[in-house]
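To be precise, the following lines are query_9.cif, and they hold mmCIF, C-alpha atoms.
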data_upload
loop_
_atom_site.group_PDB
_atom_site.id
_atom_site.type_symbol
_atom_site.label_atom_id
_atom_site.label_comp_id
_atom_site.auth_asym_id
_atom_site.auth_seq_id
_atom_site.Cartn_x
_atom_site.Cartn_y
_atom_site.Cartn_z
ATOM 1 C CA MET A 1 -5.088 1.114 13.892
ATOM 2 C CA GLU A 2 -5.080 3.537 10.985
ATOM 3 C CA ILE A 3 -6.725 6.902 11.600
ATOM 4 C CA THR A 4 -9.256 6.378 8.785
ATOM 5 C CA ALA A 5 -10.301 3.044 10.279
ATOM 6 C CA PHE A 6 -10.660 4.645 13.712
ATOM 7 C CA GLN A 7 -12.783 7.441 12.291
ATOM 8 C CA GLN A 8 -15.009 4.857 10.606
ATOM 9 C CA LEU A 9 -15.255 2.871 13.851
ATOM 10 C CA MET A 10 -16.480 5.996 15.660
ATOM 11 C CA GLU A 11 -19.044 6.514 12.897
ATOM 12 C CA ASP A 12 -20.222 2.921 13.161
ATOM 13 C CA LEU A 13 -20.454 2.995 16.959
ATOM 14 C CA TYR A 14 -21.712 6.508 17.634
ATOM 15 C CA GLY A 15 -22.499 8.267 14.344
ATOM 16 C CA GLU A 16 -26.278 8.323 14.659
ATOM 17 C CA ALA A 17 -26.218 9.529 18.272
ATOM 18 C CA ASP A 18 -23.474 12.061 17.511
ATOM 19 C CA ARG A 19 -25.454 13.596 14.649
ATOM 20 C CA ALA A 20 -28.557 13.762 16.857
ATOM 21 C CA ARG A 21 -26.495 15.574 19.513
ATOM 22 C CA GLY A 22 -25.222 18.042 16.911
ATOM 23 C CA ILE A 23 -22.010 19.888 16.205
ATOM 24 C CA PRO A 24 -22.220 22.525 18.992
ATOM 25 C CA SER A 25 -22.597 19.838 21.666
ATOM 26 C CA THR A 26 -19.841 17.755 20.096
ATOM 27 C CA VAL A 27 -17.489 20.725 20.204
ATOM 28 C CA ALA A 28 -18.397 21.275 23.864
ATOM 29 C CA TRP A 29 -17.650 17.597 24.681
ATOM 30 C CA LEU A 30 -14.363 17.800 22.771
ATOM 31 C CA CYS A 31 -13.353 20.868 24.774
ATOM 32 C CA GLU A 32 -14.264 19.109 28.018
ATOM 33 C CA GLU A 33 -12.141 16.119 27.040
ATOM 34 C CA LEU A 34 -9.236 18.417 26.161
ATOM 35 C CA GLY A 35 -9.495 19.877 29.656
ATOM 36 C CA GLU A 36 -9.434 16.394 31.151
ATOM 37 C CA LEU A 37 -6.381 15.573 29.039
ATOM 38 C CA ALA A 38 -4.653 18.731 30.264
ATOM 39 C CA GLN A 39 -5.371 17.746 33.861
ATOM 40 C CA ALA A 40 -4.171 14.169 33.281
ATOM 41 C CA THR A 41 -1.018 15.509 31.662
ATOM 42 C CA ARG A 42 -0.244 17.647 34.697
ATOM 43 C CA LYS A 43 -1.289 15.320 37.507
ATOM 44 C CA GLY A 44 -2.422 12.006 36.121
ATOM 45 C CA THR A 45 -0.883 8.630 35.648
ATOM 46 C CA ARG A 46 0.287 7.328 32.306
ATOM 47 C CA GLU A 47 -2.871 5.190 32.176
ATOM 48 C CA GLN A 48 -5.090 8.238 32.762
ATOM 49 C CA GLN A 49 -3.206 10.203 30.099
ATOM 50 C CA LEU A 50 -3.681 7.396 27.578
ATOM 51 C CA HIS A 51 -7.382 7.167 28.441
ATOM 52 C CA GLU A 52 -7.898 10.904 27.910
ATOM 53 C CA LEU A 53 -5.938 10.878 24.641
ATOM 54 C CA GLY A 54 -8.337 8.221 23.415
ATOM 55 C CA ASP A 55 -11.344 10.278 24.460
ATOM 56 C CA VAL A 56 -10.021 13.355 22.641
ATOM 57 C CA LEU A 57 -9.371 11.300 19.534
ATOM 58 C CA ALA A 58 -12.890 9.830 19.681
ATOM 59 C CA TRP A 59 -14.579 13.220 19.995
ATOM 60 C CA LEU A 60 -12.349 14.706 17.301
ATOM 61 C CA SER A 61 -13.384 11.837 15.035
ATOM 62 C CA SER A 62 -17.034 12.503 15.840
ATOM 63 C CA LEU A 63 -16.646 16.144 14.901
ATOM 64 C CA ALA A 64 -14.856 15.280 11.661
ATOM 65 C CA ASN A 65 -17.607 12.818 10.781
ATOM 66 C CA GLN A 66 -20.316 15.393 11.395
ATOM 67 C CA LEU A 67 -18.430 17.908 9.244
ATOM 68 C CA ASP A 68 -17.965 15.211 6.562
ATOM 69 C CA LEU A 69 -14.195 15.683 6.743
ATOM 70 C CA SER A 70 -11.383 13.157 6.863
ATOM 71 C CA LEU A 71 -8.853 13.216 9.683
ATOM 72 C CA ASP A 72 -6.446 11.538 7.269
ATOM 73 C CA ASP A 73 -6.861 14.478 4.880
ATOM 74 C CA ALA A 74 -6.377 16.933 7.741
ATOM 75 C CA ALA A 75 -3.169 15.185 8.828
ATOM 76 C CA GLN A 76 -1.873 15.071 5.249
ATOM 77 C CA ARG A 77 -1.150 18.806 5.399
ATOM 78 C CA TYR A 78 1.686 18.036 7.803
ATOM 79 C CA VAL A 79 3.147 15.625 5.280
ATOM 80 C CA THR A 80 2.906 17.817 2.203
ATOM 81 C CA ASP A 81 3.151 21.358 3.592
ATOM 82 C CA PRO A 82 4.001 21.521 7.292
ATOM 83 C CA PRO A 83 3.427 24.908 8.953
#
Rendering of file as structure tokens:
Amino acid sequence: MEITAFQQLMEDLYGEADRARGIPSTVAWLCEELGELAQATRKGTREQQLHELGDVLAWLSSLANQLDLSLDDAAQRYVTDPP
């Protein structure tokens, strides 16, 4: 799945609820999911790691949608001018 399509899927599935929750809460959920990914990376199975990667990607997409930003545009920087 392309990242733009995934971001749109998250908007279609959760956009209204995500906007009602707001950006500060979305950032908090994203941070929580990053913590779960860190734990899965250290002690989890491959299946748990994959699950948590998906959760992080979903919450990152939610945040991008609420900020009206494109993850594809954000990733493009690494194509055109990598740090």
Surrounding residues of Leu69 in chain A excluding itself and chain neighbours under 5 positions, 12 Å, only C-alpha atoms, as an MDAnalysis selection string: chainID A and resid 4 7:8 60:64 74:75
Coordinates-based distance that separates CA of Gln66 in chain A from CA of Asp12 in chain A (Å, one decimal):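 Spanning CA of Asp12 in chain A to CA of Gln66 in chain A is a straight-line distance of 12.6 Å.
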Gly22 in chain A environment, 12 Å, all atoms listed in the file, sequence neighbours closer than 2 positions dropped, as an NGL selection string: :A and (15-20 or 24-29 or 62-67)
Exercise: Phe6 in chain A partners within 9 Å, all atoms listed in the file, chain neighbours under 5 positions left out, as JSON, numbers by chain: {"A": [1, 11, 57, 58, 61]}
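Between CA of Glu36 in chain A and CA of Leu50 in chain A the interatomic distance comes to 11.3 Å.
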CA of Leu34 in chain A to CA of Arg21 in chain A, straight-line distance in Å: 18.7 Å
Leu53 in chain A environment, 12 Å, only C-alpha atoms, sequence neighbours closer than 5 positions dropped, as a list of chain:residue names: A:Leu30, A:Glu33, A:Leu34, A:Gly35, A:Glu36, A:Leu37, A:Ala38, A:Gln39, A:Ala40, A:Thr41, A:Arg46, A:Glu47, A:Gln48, A:Ala58, A:Trp59, A:Leu60
Using only C-alpha atoms: which of A:Glu32, A:Asp81, A:Asp73, A:Asp68 has the shortest distance to Val56 in chain A: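 Answer, going by the shortest atom-to-atom distance: A:Glu32.
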Padding 6 Å on each side, edges along x, y and z: where is the centre of the box around the listed atoms of range 29-47 of chain A, and how long are its edges in Å to one decimal? Output it as AutoDock Vina command-line options.
--center_x -8.7 --center_y 13.0 --center_z 30.1 --size_x 29.9 --size_y 27.7 --size_z 26.7
For the structure just given, write the atoms of range 33-49 of chain A, namely C-alpha atoms, as a compact mmCIF listing (two decimals), in the first residue's frame.
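Listing of part-v2.txt after writing:
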# COMPACT_ATOMS: atom_id res chain seq x y z
CA GLU A 33 2.47 3.72 20.68
CA LEU A 34 6.14 4.61 20.20
CA GLY A 35 6.78 3.34 23.72
CA GLU A 36 4.97 0.11 22.92
CA LEU A 37 7.05 -0.24 19.76
CA ALA A 38 10.24 0.28 21.76
CA GLN A 39 9.17 -2.43 24.20
CA ALA A 40 8.22 -4.81 21.37
CA THR A 41 11.57 -4.14 19.71
CA ARG A 42 13.44 -5.08 22.88
CA LYS A 43 11.35 -8.00 24.11
CA GLY A 44 8.57 -8.75 21.67
CA THR A 45 8.02 -11.21 18.91
CA ARG A 46 8.23 -10.31 15.25
CA GLU A 47 4.42 -10.33 15.15
CA GLN A 48 4.22 -7.89 18.08
CA GLN A 49 6.82 -5.63 16.45
